[in-house]
Structure formats: structure tokens, C-alpha cells
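Peer 1: The following file, data.cif, comprises mmCIF, C-alpha atoms and all ligand atoms:
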```cif
data_target
loop_
_atom_site.label_atom_id
_atom_site.label_comp_id
_atom_site.auth_asym_id
_atom_site.auth_seq_id
_atom_site.Cartn_x
_atom_site.Cartn_y
_atom_site.Cartn_z
CA ALA A 1 36.19 10.49 -18.28
CA ARG A 2 36.01 6.79 -19.02
CA GLU A 3 32.64 6.55 -17.25
CA ALA A 4 31.35 9.57 -19.10
CA PHE A 5 32.39 7.97 -22.37
CA PHE A 6 30.59 4.71 -21.56
CA GLN A 7 27.54 6.68 -20.47
CA ALA A 8 27.58 8.63 -23.76
CA GLN A 9 27.94 5.39 -25.73
CA LYS A 10 25.08 3.85 -23.81
CA MET A 11 22.88 6.87 -24.48
CA GLU A 12 23.76 6.78 -28.18
CA ALA A 13 22.89 3.06 -28.42
CA ILE A 14 19.65 3.56 -26.53
CA GLY A 15 18.82 6.52 -28.74
CA GLN A 16 19.33 4.51 -31.92
CA LEU A 17 17.42 1.52 -30.61
CA THR A 18 14.57 3.72 -29.37
CA GLY A 19 14.44 5.59 -32.64
CA GLY A 20 14.29 2.40 -34.73
CA VAL A 21 11.67 0.69 -32.59
CA ALA A 22 9.59 3.85 -32.23
CA HIS A 23 9.67 4.42 -35.98
CA ASP A 24 8.42 0.88 -36.76
CA PHE A 25 5.78 1.06 -34.07
CA ASN A 26 4.63 4.41 -35.33
CA ASN A 27 4.02 2.92 -38.79
CA LEU A 28 2.17 -0.06 -37.31
CA LEU A 29 -0.01 2.20 -35.18
CA THR A 30 -0.79 4.44 -38.13
CA ALA A 31 -1.99 1.36 -40.03
CA ILE A 32 -4.05 0.20 -37.05
CA LEU A 33 -5.63 3.63 -36.58
CA GLY A 34 -6.44 3.86 -40.29
CA SER A 35 -8.13 0.45 -40.30
CA LEU A 36 -10.07 1.17 -37.12
CA ASP A 37 -11.30 4.40 -38.62
CA LEU A 38 -12.57 2.58 -41.72
CA LEU A 39 -14.14 -0.09 -39.54
CA ARG A 40 -16.05 2.53 -37.57
CA LYS A 41 -17.46 4.01 -40.78
CA ARG A 42 -18.55 0.63 -42.14
CA LEU A 43 -20.00 -0.97 -39.01
CA PRO A 44 -23.67 -0.30 -38.26
CA GLU A 45 -24.29 1.98 -35.25
CA GLU A 46 -24.43 -0.25 -32.22
CA PRO A 47 -23.52 1.08 -28.75
CA ARG A 48 -21.52 -1.90 -27.51
CA THR A 49 -19.50 -2.31 -30.68
CA SER A 50 -18.88 1.43 -30.77
CA ARG A 51 -17.52 1.40 -27.25
CA LEU A 52 -15.13 -1.43 -28.03
CA LEU A 53 -14.00 0.34 -31.14
CA ASP A 54 -13.50 3.60 -29.23
CA ASN A 55 -11.38 1.78 -26.65
CA ALA A 56 -9.20 0.34 -29.37
CA ILE A 57 -8.81 3.72 -31.06
CA LEU A 58 -7.97 5.43 -27.78
CA ALA A 59 -5.34 2.80 -26.95
CA ALA A 60 -3.79 3.10 -30.40
CA GLN A 61 -3.73 6.90 -30.07
CA ARG A 62 -2.00 6.61 -26.69
CA GLY A 63 0.53 4.30 -28.29
CA ALA A 64 1.08 6.75 -31.11
CA SER A 65 1.66 9.63 -28.70
CA LEU A 66 4.16 7.47 -26.79
CA THR A 67 6.09 6.60 -29.94
CA GLN A 68 6.06 10.31 -30.87
CA ARG A 69 7.73 11.10 -27.57
CA MET A 70 10.25 8.32 -28.08
CA LEU A 71 11.05 9.70 -31.51
CA ALA A 72 11.50 13.17 -30.05
CA PHE A 73 13.91 11.65 -27.53
CA ALA A 74 15.89 9.71 -30.11
CA ARG A 75 16.03 12.51 -32.69
CA ARG A 76 18.66 14.27 -30.69
CA GLN A 77 20.66 15.78 -33.52
CA ASP A 78 17.94 18.12 -34.77
CA LEU A 79 18.49 20.97 -32.31
CA ALA A 80 18.31 24.45 -33.79
CA PRO A 81 19.84 26.77 -31.18
CA GLU A 82 18.92 30.45 -31.24
CA PRO A 83 18.72 33.19 -28.60
CA VAL A 84 15.58 32.49 -26.58
CA ASP A 85 13.79 35.10 -24.49
CA VAL A 86 12.85 32.76 -21.63
CA PRO A 87 10.22 34.91 -19.86
CA LEU A 88 8.49 35.39 -23.22
CA LEU A 89 8.67 31.65 -23.96
CA VAL A 90 7.15 30.80 -20.57
CA ARG A 91 4.45 33.44 -20.93
CA GLY A 92 3.54 31.90 -24.29
CA MET A 93 3.14 28.52 -22.58
CA THR A 94 0.65 29.67 -19.95
CA GLY A 95 -2.42 28.21 -21.66
CA LEU A 96 -0.68 24.94 -22.48
CA LEU A 97 0.59 24.62 -18.90
CA GLU A 98 -2.83 25.31 -17.39
CA ARG A 99 -4.52 22.78 -19.65
CA THR A 100 -1.86 20.12 -19.11
CA LEU A 101 -1.45 20.52 -15.37
CA GLY A 102 -5.09 20.84 -14.38
CA PRO A 103 -6.73 23.02 -11.74
CA ASN A 104 -4.83 21.68 -8.70
CA VAL A 105 -1.57 23.53 -9.24
CA ALA A 106 -0.69 27.19 -9.56
CA ILE A 107 2.30 28.47 -11.49
CA GLU A 108 4.41 31.34 -10.29
CA THR A 109 7.23 32.88 -12.33
CA ARG A 110 10.26 34.76 -11.07
CA PHE A 111 12.32 36.47 -13.73
CA PRO A 112 14.68 39.34 -12.94
CA LEU A 113 14.53 42.44 -15.12
CA GLY A 114 17.15 42.62 -17.83
CA LEU A 115 17.62 38.87 -18.01
CA GLY A 116 19.66 37.93 -21.09
CA ALA A 117 18.63 35.37 -23.69
CA ALA A 118 19.52 31.68 -23.46
CA GLU A 119 21.12 29.90 -26.42
CA ALA A 120 18.79 26.95 -27.02
CA ASP A 121 16.28 25.28 -29.31
CA ALA A 122 13.03 27.01 -28.37
CA ASN A 123 10.77 24.04 -29.19
CA GLN A 124 12.91 21.57 -27.26
CA LEU A 125 13.16 23.98 -24.34
CA GLU A 126 9.39 24.31 -24.26
CA LEU A 127 9.03 20.52 -24.26
CA ALA A 128 11.62 20.27 -21.50
CA LEU A 129 9.80 22.81 -19.32
CA LEU A 130 6.52 21.01 -19.91
CA ASN A 131 8.12 17.72 -18.81
CA LEU A 132 9.53 19.30 -15.66
CA ALA A 133 6.19 20.95 -14.84
CA VAL A 134 4.32 17.64 -15.28
CA ASN A 135 6.80 15.93 -12.95
CA ALA A 136 6.31 18.74 -10.41
CA ARG A 137 2.54 18.33 -10.65
CA ASP A 138 2.79 14.55 -10.26
CA ALA A 139 4.89 15.06 -7.11
CA MET A 140 2.13 17.17 -5.53
CA PRO A 141 -1.01 15.02 -5.65
CA GLN A 142 -2.73 17.38 -3.19
CA GLY A 143 -1.86 20.33 -5.39
CA GLY A 144 0.47 23.24 -4.73
CA THR A 145 2.53 25.91 -6.42
CA ILE A 146 5.18 25.37 -9.07
CA ILE A 147 7.78 28.11 -9.26
CA ILE A 148 9.49 28.72 -12.59
CA ALA A 149 12.49 31.01 -12.19
CA ALA A 150 15.58 32.10 -14.08
CA ARG A 151 18.80 33.89 -13.21
CA GLN A 152 22.06 34.69 -14.89
CA VAL A 153 25.19 33.08 -13.50
CA ALA A 154 28.78 33.95 -14.39
CA VAL A 155 30.81 30.77 -13.95
CA ARG A 156 34.35 31.91 -13.28
CA GLU A 157 35.85 29.14 -11.12
CA PRO A 158 37.84 26.62 -13.17
CA VAL A 159 35.92 23.85 -11.41
CA HIS A 160 32.36 24.98 -10.79
CA ALA A 161 29.87 22.94 -8.76
CA THR A 162 27.92 22.28 -11.97
CA GLY A 163 31.01 20.99 -13.77
CA LEU A 164 30.39 23.59 -16.48
CA PRO A 165 33.32 25.37 -18.12
CA GLU A 166 33.82 29.09 -17.47
CA GLY A 167 31.27 31.28 -19.18
CA ASP A 168 27.95 33.05 -18.75
CA TYR A 169 24.90 30.90 -18.22
CA MET A 170 21.23 31.04 -17.54
CA CYS A 171 19.97 28.84 -14.73
CA LEU A 172 16.31 28.08 -15.40
CA SER A 173 14.55 26.22 -12.61
CA VAL A 174 11.25 24.46 -11.96
CA ALA A 175 10.60 23.95 -8.27
CA ASP A 176 7.88 22.05 -6.42
CA THR A 177 7.07 21.40 -2.79
CA GLY A 178 6.06 17.80 -3.45
CA GLU A 179 7.12 14.40 -2.19
CA GLY A 180 10.74 14.74 -3.30
CA MET A 181 13.14 11.88 -4.02
CA ASP A 182 15.38 9.76 -1.85
CA GLU A 183 19.05 9.54 -2.83
CA ALA A 184 18.69 6.30 -4.79
CA THR A 185 15.83 7.68 -6.90
CA LEU A 186 17.60 11.01 -7.42
CA ALA A 187 20.70 9.22 -8.66
CA ARG A 188 18.73 7.33 -11.31
CA ALA A 189 15.99 9.84 -12.14
CA ALA A 190 17.50 11.02 -15.46
CA GLU A 191 18.25 7.51 -16.75
CA PRO A 192 16.23 6.56 -19.83
CA PHE A 193 13.20 4.41 -18.91
CA PHE A 194 13.67 4.92 -15.16
CA THR A 195 10.26 5.65 -13.65
CA THR A 196 8.53 5.13 -10.32
CA LYS A 197 5.11 6.01 -11.74
CA GLY A 198 3.89 2.57 -12.71
CA VAL A 199 2.80 0.99 -15.97
CA GLY A 200 0.90 3.30 -18.30
CA LYS A 201 1.63 6.39 -16.20
CA GLY A 202 5.31 7.10 -16.67
CA THR A 203 7.64 6.41 -19.58
CA GLY A 204 10.83 7.31 -17.77
CA LEU A 205 11.86 9.36 -20.78
CA GLY A 206 11.04 12.88 -19.56
CA LEU A 207 14.16 13.70 -17.59
CA SER A 208 16.51 11.86 -19.93
CA MET A 209 15.13 13.98 -22.76
CA VAL A 210 15.67 17.15 -20.71
CA HIS A 211 19.17 15.97 -19.80
CA GLY A 212 20.00 15.28 -23.46
CA MET A 213 18.69 18.66 -24.59
CA ALA A 214 20.67 20.52 -21.90
CA GLU A 215 23.93 18.66 -22.57
CA GLN A 216 23.65 19.13 -26.32
CA SER A 217 23.09 22.84 -25.82
CA GLY A 218 26.32 23.07 -23.85
CA GLY A 219 24.54 23.11 -20.51
CA ARG A 220 23.42 20.75 -17.77
CA LEU A 221 20.39 19.33 -16.02
CA ILE A 222 20.85 19.48 -12.26
CA LEU A 223 18.34 17.93 -9.89
CA LYS A 224 18.10 18.89 -6.25
CA SER A 225 15.66 17.01 -4.09
CA ARG A 226 14.88 16.08 -0.54
CA ARG A 227 12.38 13.42 0.41
CA GLY A 228 9.27 15.04 1.85
CA GLU A 229 10.36 18.58 0.99
CA GLY A 230 10.34 18.93 -2.76
CA THR A 231 12.42 19.05 -5.89
CA THR A 232 14.13 21.73 -7.93
CA ALA A 233 15.14 20.87 -11.48
CA GLU A 234 17.65 23.29 -12.96
CA ILE A 235 18.33 23.60 -16.67
CA TRP A 236 21.63 25.42 -17.19
CA LEU A 237 22.08 26.90 -20.65
CA PRO A 238 24.76 29.09 -22.19
CA LEU A 239 23.77 32.72 -22.34
CA ALA A 240 23.36 33.98 -25.91
CA ALA A 241 25.93 36.58 -26.95
CA ALA A 242 24.54 40.03 -26.23
CA PRO A 243 23.36 41.74 -29.41
CA ARG A 244 25.65 44.58 -30.52
CA PRO A 245 24.10 47.98 -29.89
CA ALA A 246 22.81 49.35 -33.20
CA GLY A 247 25.34 51.33 -35.21
CA THR A 248 28.49 49.95 -33.58
CA ALA A 249 31.09 48.21 -35.69
CA PRO A 250 32.06 44.60 -35.06
CA ALA A 251 35.18 44.31 -32.88
CA SER A 252 37.17 42.35 -35.46
CA GLU A 253 36.99 40.99 -38.99
CA ALA A 254 36.39 37.49 -37.66
CA GLU A 255 33.22 38.60 -35.93
CA ALA A 256 31.74 40.30 -38.97
CA GLU A 257 28.65 38.67 -40.43
CA PRO A 258 29.37 36.74 -43.59
CA SER A 259 27.75 38.56 -46.50
P1 LIG A 301 8.37 9.74 -15.75
O1 LIG A 301 7.85 11.09 -15.35
O2 LIG A 301 7.71 9.19 -16.97
O3 LIG A 301 8.44 8.76 -14.63
P2 LIG A 301 10.93 11.09 -15.84
O4 LIG A 301 12.21 10.75 -16.54
O5 LIG A 301 10.38 12.45 -16.11
O6 LIG A 301 9.91 9.97 -16.24
O7 LIG A 301 11.13 10.94 -14.27
C1 LIG A 301 11.74 9.78 -13.74
C2 LIG A 301 11.42 9.62 -12.27
O8 LIG A 301 12.07 10.65 -11.52
C3 LIG A 301 9.97 9.75 -11.89
O9 LIG A 301 9.27 8.54 -12.08
C4 LIG A 301 10.04 10.14 -10.42
O10 LIG A 301 10.30 9.02 -9.60
C5 LIG A 301 11.28 11.00 -10.37
N1 LIG A 301 10.94 12.43 -10.44
C6 LIG A 301 11.07 13.25 -11.51
N2 LIG A 301 10.68 14.50 -11.23
C7 LIG A 301 10.29 14.50 -9.93
C8 LIG A 301 9.79 15.50 -9.02
N3 LIG A 301 9.60 16.77 -9.40
N4 LIG A 301 9.51 15.11 -7.75
C9 LIG A 301 9.70 13.85 -7.35
N5 LIG A 301 10.18 12.86 -8.14
C10 LIG A 301 10.47 13.18 -9.41
#
```
Let me see the file written as C-alpha cells.
Ligand code: ADP

Peer 2:
Amino acid sequence: AREAFFQAQKMEAIGQLTGGVAHDFNNLLTAILGSLDLLRKRLPEEPRTSRLLDNAILAAQRGASLTQRMLAFARRQDLAPEPVDVPLLVRGMTGLLERTLGPNVAIETRFPLGLGAAEADANQLELALLNLAVNARDAMPQGGTIIIAARQVAVREPVHATGLPEGDYMCLSVADTGEGMDEATLARAAEPFFTTKGVGKGTGLGLSMVHGMAEQSGGRLILKSRRGEGTTAEIWLPLAAAPRPAGTAPASEAEAEPS
């Protein structure tokens, strides 16, 4: 419990620091982009100058997108949980996934019929799935298939393998058959800023964002990986309460909708 407390404190401090720095940087980059844009309009057309200017604009845009992601990571209190139909959410992401992942990977989905809804922030969940899918793609440089699946799990043991309290959950997973992680990497993978992807390629914020989203939703991020075999990232989320069949009365006063 002590360790968990320190870890939570550390995350909070990192979140605040990240948020502050990202906010200032975002303002600086907006000013830079604005000035570069004006400069481009005023300078006479000249190929070499244009190319330099384009490079500068591209770099500033990359910086802005990075600070956006850092802000999304730091702004952890803004979750708006609602019942999310996960198969529908994933189906709605098909175009985005195809464009982001490129032609080398295929996506397969496995959703059982009658799957309940997950209680989560739909936008954050979409971002989380996108992060996991990008990691899966990066782990399969030769290409391959990413399997997105979901199942309902009733946690009834007092001490479940996930550490989750008793209740009904959805286990949403993104699996690849890529390079996998050794134990040391797996242990650190969800730490903020931990990346093995090299400068300019990885921020090390993807999994920590997914971890934060899952924990705040009352769930977990669980990573399973074996070097050379592949990785499965599981997002566990509480199942949304089943809607009452139409026409039935609420079970008690306390459950009645406030009017
Ligand atoms: P980034 O992707 O920017 O590096 P992440 O937090 O998403 O940041 O991931 C941290 C690290 O965890 C990655 O650099 C990689 O070493 C490892 N990792 C994450 N997902 C996978 C995966 N599907 N397969 C293998 N390694 C992974």
C-alpha cells in the first residue's frame, strides 16, 4: 500500500509537471507557427527558402502534436464515464486505424454476441485503443495481424489475479504477434517517458496514459508479453449497469432517477 501511495504521488507530480510544461510549450509553439505562417506569406517564392520554411513548420507542428498528447496525459481529471458499446466504438474507428497503422497490418475483431457495455470515457478509450494498436504495429515491422477482442468477466474471488475488487468487468484486449518484451522492459513499459523506440519515435507516454485511464475508470491495464512471441495488452473496465427493461419499476427509492 505504501508503494502504491508513492507511485500515485509520483504520477500526480509528473502529471502536474507535464501539464505545466506542455501548456507553456504549446503557447510558444503556437506563436512560432503563427510567425512562420506570416513569414511564408511575405517572403518571395524561392524554392530553397520555401523548403527551409516548410521544415521549420513541420517541426513546430510535430512539437505541437507532442505537447497535445502530453496535455491529454496530464489532464487526467476530465474523464466523462458513460456506458460504451465497445464493438460499435471499434467499428467506428476502422478508418482511423487503417490510416494510422498503414497497409502492413490487418485488424481482426472478436466480440461475443450479447456483450454488455463498458463504463468508460468513450474518447479516452478510443485514444487508448489507438495507442495500443500503434504499439502492436511497431512491434511487427514485417507486418501481421492485430486482434482486438473483448469478453465479460465476473470477478468473484476476493483476491483476483488482476487485483480488481469483486464485480463484473469487460476485458478488452489488443494482441500482436510481434517482437514482445523481456521481463525488464515489461516491468517498466507503463512508466511515463519509458520508451525503447529512440529519439523522435517514441514519447513513452502511450501506455502510461492507457494505465491512467484504466485506473481512473476503476479498472486496470494488464500487459502480457513474451520475447519473440508477442504481446497482449488488456484494458479491464467495469461493466456498465444493465439498462432496466422498459416498463419495469426501479427496485428501490434510492435507485430512482432524480427528477
Ligand atoms: P512509446 O510507444 O512512445 O515507446 P509506450 O508507453 O506506448 O511509449 O510504450 C513504452 C514501451 O513499451 C515501448 O517503447 C516498447 O518498448 C514497449 N511496448 C509497448 N507496447 C509493446 C508491444 N505491443 N510489443 C512490444 N513492446 C511494446

Peer 1: Find the distance between atom CA of A:Phe193 and atom CA of A:Ala31 and write it in Å to one decimal.

Peer 2: 26.2 Å

Peer 1: May I have a table of the residues of chain A lying at most 9 Å from ligand LIG 301 (chain A), giving each one's closest pair of atoms and their distance in Å to one decimal, counting all atoms listed in the file, ordered by chain and ascending residue number, as JSON lines?

Peer 2:
```
{"residue": "A:Asn131", "atom": "CA", "partner": "A:LIG301", "partner_atom": "O5", "distance": 6.3}
{"residue": "A:Leu132", "atom": "CA", "partner": "A:LIG301", "partner_atom": "N2", "distance": 6.6}
{"residue": "A:Ala133", "atom": "CA", "partner": "A:LIG301", "partner_atom": "N3", "distance": 7.7}
{"residue": "A:Val134", "atom": "CA", "partner": "A:LIG301", "partner_atom": "O1", "distance": 7.4}
{"residue": "A:Asn135", "atom": "CA", "partner": "A:LIG301", "partner_atom": "N2", "distance": 4.5}
{"residue": "A:Ala136", "atom": "CA", "partner": "A:LIG301", "partner_atom": "N3", "distance": 4.0}
{"residue": "A:Arg137", "atom": "CA", "partner": "A:LIG301", "partner_atom": "N3", "distance": 7.3}
{"residue": "A:Asp138", "atom": "CA", "partner": "A:LIG301", "partner_atom": "C8", "distance": 7.2}
{"residue": "A:Ala139", "atom": "CA", "partner": "A:LIG301", "partner_atom": "N4", "distance": 4.7}
{"residue": "A:Met140", "atom": "CA", "partner": "A:LIG301", "partner_atom": "N4", "distance": 8.0}
{"residue": "A:Val174", "atom": "CA", "partner": "A:LIG301", "partner_atom": "N3", "distance": 8.3}
{"residue": "A:Ala175", "atom": "CA", "partner": "A:LIG301", "partner_atom": "N3", "distance": 7.3}
{"residue": "A:Asp176", "atom": "CA", "partner": "A:LIG301", "partner_atom": "N3", "distance": 6.3}
{"residue": "A:Thr177", "atom": "CA", "partner": "A:LIG301", "partner_atom": "N4", "distance": 8.4}
{"residue": "A:Gly178", "atom": "CA", "partner": "A:LIG301", "partner_atom": "N4", "distance": 6.1}
{"residue": "A:Glu179", "atom": "CA", "partner": "A:LIG301", "partner_atom": "C9", "distance": 5.8}
{"residue": "A:Gly180", "atom": "CA", "partner": "A:LIG301", "partner_atom": "C9", "distance": 4.3}
{"residue": "A:Met181", "atom": "CA", "partner": "A:LIG301", "partner_atom": "N5", "distance": 5.2}
{"residue": "A:Asp182", "atom": "CA", "partner": "A:LIG301", "partner_atom": "N5", "distance": 8.7}
{"residue": "A:Thr185", "atom": "CA", "partner": "A:LIG301", "partner_atom": "O10", "distance": 6.3}
{"residue": "A:Leu186", "atom": "CA", "partner": "A:LIG301", "partner_atom": "O8", "distance": 6.9}
{"residue": "A:Arg188", "atom": "CA", "partner": "A:LIG301", "partner_atom": "O8", "distance": 7.4}
{"residue": "A:Ala189", "atom": "CA", "partner": "A:LIG301", "partner_atom": "O8", "distance": 4.1}
{"residue": "A:Ala190", "atom": "CA", "partner": "A:LIG301", "partner_atom": "O4", "distance": 5.4}
{"residue": "A:Glu191", "atom": "CA", "partner": "A:LIG301", "partner_atom": "O4", "distance": 6.9}
{"residue": "A:Pro192", "atom": "CA", "partner": "A:LIG301", "partner_atom": "O4", "distance": 6.7}
{"residue": "A:Phe193", "atom": "CA", "partner": "A:LIG301", "partner_atom": "O4", "distance": 6.8}
{"residue": "A:Phe194", "atom": "CA", "partner": "A:LIG301", "partner_atom": "C1", "distance": 5.4}
{"residue": "A:Thr195", "atom": "CA", "partner": "A:LIG301", "partner_atom": "O9", "distance": 3.4}
{"residue": "A:Thr196", "atom": "CA", "partner": "A:LIG301", "partner_atom": "O9", "distance": 3.9}
{"residue": "A:Lys197", "atom": "CA", "partner": "A:LIG301", "partner_atom": "O9", "distance": 4.9}
{"residue": "A:Gly198", "atom": "CA", "partner": "A:LIG301", "partner_atom": "O3", "distance": 7.9}
{"residue": "A:Lys201", "atom": "CA", "partner": "A:LIG301", "partner_atom": "O2", "distance": 6.7}
{"residue": "A:Gly202", "atom": "CA", "partner": "A:LIG301", "partner_atom": "O2", "distance": 3.2}
{"residue": "A:Thr203", "atom": "CA", "partner": "A:LIG301", "partner_atom": "O2", "distance": 3.8}
{"residue": "A:Gly204", "atom": "CA", "partner": "A:LIG301", "partner_atom": "O6", "distance": 3.2}
{"residue": "A:Leu205", "atom": "CA", "partner": "A:LIG301", "partner_atom": "O4", "distance": 4.5}
{"residue": "A:Gly206", "atom": "CA", "partner": "A:LIG301", "partner_atom": "O5", "distance": 3.5}
{"residue": "A:Leu207", "atom": "CA", "partner": "A:LIG301", "partner_atom": "O4", "distance": 3.7}
{"residue": "A:Ser208", "atom": "CA", "partner": "A:LIG301", "partner_atom": "O4", "distance": 5.6}
{"residue": "A:Met209", "atom": "CA", "partner": "A:LIG301", "partner_atom": "O4", "distance": 7.6}
{"residue": "A:Val210", "atom": "CA", "partner": "A:LIG301", "partner_atom": "O4", "distance": 8.4}
{"residue": "A:Leu223", "atom": "CA", "partner": "A:LIG301", "partner_atom": "N2", "distance": 8.5}
{"residue": "A:Ser225", "atom": "CA", "partner": "A:LIG301", "partner_atom": "N4", "distance": 7.4}
{"residue": "A:Arg226", "atom": "CA", "partner": "A:LIG301", "partner_atom": "C9", "distance": 8.8}
{"residue": "A:Arg227", "atom": "CA", "partner": "A:LIG301", "partner_atom": "C9", "distance": 8.2}
{"residue": "A:Gly230", "atom": "CA", "partner": "A:LIG301", "partner_atom": "N4", "distance": 6.3}
{"residue": "A:Thr231", "atom": "CA", "partner": "A:LIG301", "partner_atom": "N3", "distance": 5.0}
{"residue": "A:Thr232", "atom": "CA", "partner": "A:LIG301", "partner_atom": "N3", "distance": 6.9}
{"residue": "A:Ala233", "atom": "CA", "partner": "A:LIG301", "partner_atom": "N3", "distance": 7.2}
```

Peer 1: Pick out the residues sitting within 9 Å of stretch 21-23 of chain A, and hand them over as a list in words; count all atoms listed in the file, and ignore anything fewer than 6 positions along from it in its own chain.

Peer 2: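 Near stretch 21-23 of chain A, the qualifying residues are Leu66, Thr67, Gln68, Arg69, Met70, Leu71 and Ala74 of chain A.
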
Peer 1: Would you output that residue set with C-alpha atoms, as a short mmCIF file (atom, residue, chain, number, x, y, z; two decimals), in the coordinates of the input?

Peer 2:
```cif
data_model
loop_
_atom_site.label_atom_id
_atom_site.label_comp_id
_atom_site.auth_asym_id
_atom_site.auth_seq_id
_atom_site.Cartn_x
_atom_site.Cartn_y
_atom_site.Cartn_z
CA LEU A 66 4.16 7.47 -26.79
CA THR A 67 6.09 6.60 -29.94
CA GLN A 68 6.06 10.31 -30.87
CA ARG A 69 7.73 11.10 -27.57
CA MET A 70 10.25 8.32 -28.08
CA LEU A 71 11.05 9.70 -31.51
CA ALA A 74 15.89 9.71 -30.11
#
```

Peer 1: Find the residues near A:Ala120: any atom within 7 Å, counting only C-alpha atoms, skip ones fewer than 3 places away on the same chain, and give them as a PDB file with C-alpha atoms, in the coordinates of the input.

Peer 2:
```pdb
ATOM      1  CA  PRO A  81      19.840  26.770 -31.180  1.00  0.00           C
ATOM      2  CA  GLU A  82      18.920  30.450 -31.240  1.00  0.00           C
ATOM      3  CA  PRO A  83      18.720  33.190 -28.600  1.00  0.00           C
ATOM      4  CA  VAL A  84      15.580  32.490 -26.580  1.00  0.00           C
ATOM      5  CA  LEU A 125      13.160  23.980 -24.340  1.00  0.00           C
ATOM      6  CA  SER A 217      23.090  22.840 -25.820  1.00  0.00           C
TER       7      SER A 217
END
```

Peer 1: Report the distance between atom CA of A:Ala161 and atom CA of A:Ala242 in Å, rounded to one decimal place.

Peer 2: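 These atoms are spaced 25.0 Å apart.
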
Peer 1: May I have the protein, DNA and RNA residues with an atom at most 9 Å from (18.5, 31.4, -13.7), counting all atoms listed in the file in the file's coordinates, returned as a list in words?

Peer 2: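 Residues lying no farther than 9 Å from the given point: Phe111, Pro112, Leu115, Ala149, Ala150, Arg151, Gln152, Val153, Tyr169, Met170, Cys171, Leu172, Ser173, Glu234, Ile235 and Trp236 of chain A.
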
Peer 1: With N, CA and C atoms as the target, complete stretch 154-170 of chain A and hand it back as a PDB file, keeping the file's coordinate frame.

Peer 2:
```pdb
ATOM      1  N   ALA A 154      27.455  33.893 -13.753  1.00  0.00           N
ATOM      2  CA  ALA A 154      28.780  33.950 -14.390  1.00  0.00           C
ATOM      3  C   ALA A 154      29.652  32.890 -13.742  1.00  0.00           C
ATOM      4  N   VAL A 155      29.942  31.823 -14.474  1.00  0.00           N
ATOM      5  CA  VAL A 155      30.810  30.770 -13.950  1.00  0.00           C
ATOM      6  C   VAL A 155      32.255  31.186 -14.199  1.00  0.00           C
ATOM      7  N   ARG A 156      32.982  31.431 -13.128  1.00  0.00           N
ATOM      8  CA  ARG A 156      34.350  31.910 -13.280  1.00  0.00           C
ATOM      9  C   ARG A 156      35.360  30.953 -12.641  1.00  0.00           C
ATOM     10  N   GLU A 157      34.909  30.105 -11.702  1.00  0.00           N
ATOM     11  CA  GLU A 157      35.850  29.140 -11.120  1.00  0.00           C
ATOM     12  C   GLU A 157      36.198  28.109 -12.186  1.00  0.00           C
ATOM     13  N   PRO A 158      37.463  27.651 -12.204  1.00  0.00           N
ATOM     14  CA  PRO A 158      37.840  26.620 -13.170  1.00  0.00           C
ATOM     15  C   PRO A 158      37.043  25.337 -12.938  1.00  0.00           C
ATOM     16  N   VAL A 159      36.744  25.027 -11.666  1.00  0.00           N
ATOM     17  CA  VAL A 159      35.920  23.850 -11.410  1.00  0.00           C
ATOM     18  C   VAL A 159      34.680  24.285 -10.636  1.00  0.00           C
ATOM     19  N   HIS A 160      33.622  24.525 -11.377  1.00  0.00           N
ATOM     20  CA  HIS A 160      32.360  24.980 -10.790  1.00  0.00           C
ATOM     21  C   HIS A 160      31.562  23.783 -10.295  1.00  0.00           C
ATOM     22  N   ALA A 161      30.689  24.025  -9.320  1.00  0.00           N
ATOM     23  CA  ALA A 161      29.870  22.940  -8.760  1.00  0.00           C
ATOM     24  C   ALA A 161      29.078  22.207  -9.846  1.00  0.00           C
ATOM     25  N   THR A 162      28.701  22.911 -10.904  1.00  0.00           N
ATOM     26  CA  THR A 162      27.920  22.280 -11.970  1.00  0.00           C
ATOM     27  C   THR A 162      28.795  21.442 -12.898  1.00  0.00           C
ATOM     28  N   GLY A 163      30.127  21.665 -12.819  1.00  0.00           N
ATOM     29  CA  GLY A 163      31.010  20.990 -13.770  1.00  0.00           C
ATOM     30  C   GLY A 163      31.085  21.716 -15.094  1.00  0.00           C
ATOM     31  N   LEU A 164      30.402  22.861 -15.205  1.00  0.00           N
ATOM     32  CA  LEU A 164      30.390  23.590 -16.480  1.00  0.00           C
ATOM     33  C   LEU A 164      31.688  24.391 -16.652  1.00  0.00           C
ATOM     34  N   PRO A 165      32.156  24.524 -17.880  1.00  0.00           N
ATOM     35  CA  PRO A 165      33.320  25.370 -18.120  1.00  0.00           C
ATOM     36  C   PRO A 165      32.983  26.842 -17.890  1.00  0.00           C
ATOM     37  N   GLU A 166      34.026  27.654 -17.708  1.00  0.00           N
ATOM     38  CA  GLU A 166      33.820  29.090 -17.470  1.00  0.00           C
ATOM     39  C   GLU A 166      32.984  29.705 -18.584  1.00  0.00           C
ATOM     40  N   GLY A 167      32.130  30.635 -18.195  1.00  0.00           N
ATOM     41  CA  GLY A 167      31.270  31.280 -19.180  1.00  0.00           C
ATOM     42  C   GLY A 167      30.051  31.865 -18.491  1.00  0.00           C
ATOM     43  N   ASP A 168      29.180  32.470 -19.286  1.00  0.00           N
ATOM     44  CA  ASP A 168      27.950  33.050 -18.750  1.00  0.00           C
ATOM     45  C   ASP A 168      26.779  32.128 -19.065  1.00  0.00           C
ATOM     46  N   TYR A 169      25.981  31.861 -18.066  1.00  0.00           N
ATOM     47  CA  TYR A 169      24.900  30.900 -18.220  1.00  0.00           C
ATOM     48  C   TYR A 169      23.578  31.458 -17.722  1.00  0.00           C
ATOM     49  N   MET A 170      22.515  30.816 -18.159  1.00  0.00           N
ATOM     50  CA  MET A 170      21.230  31.040 -17.540  1.00  0.00           C
ATOM     51  C   MET A 170      20.861  29.778 -16.778  1.00  0.00           C
TER      52      MET A 170
END
```
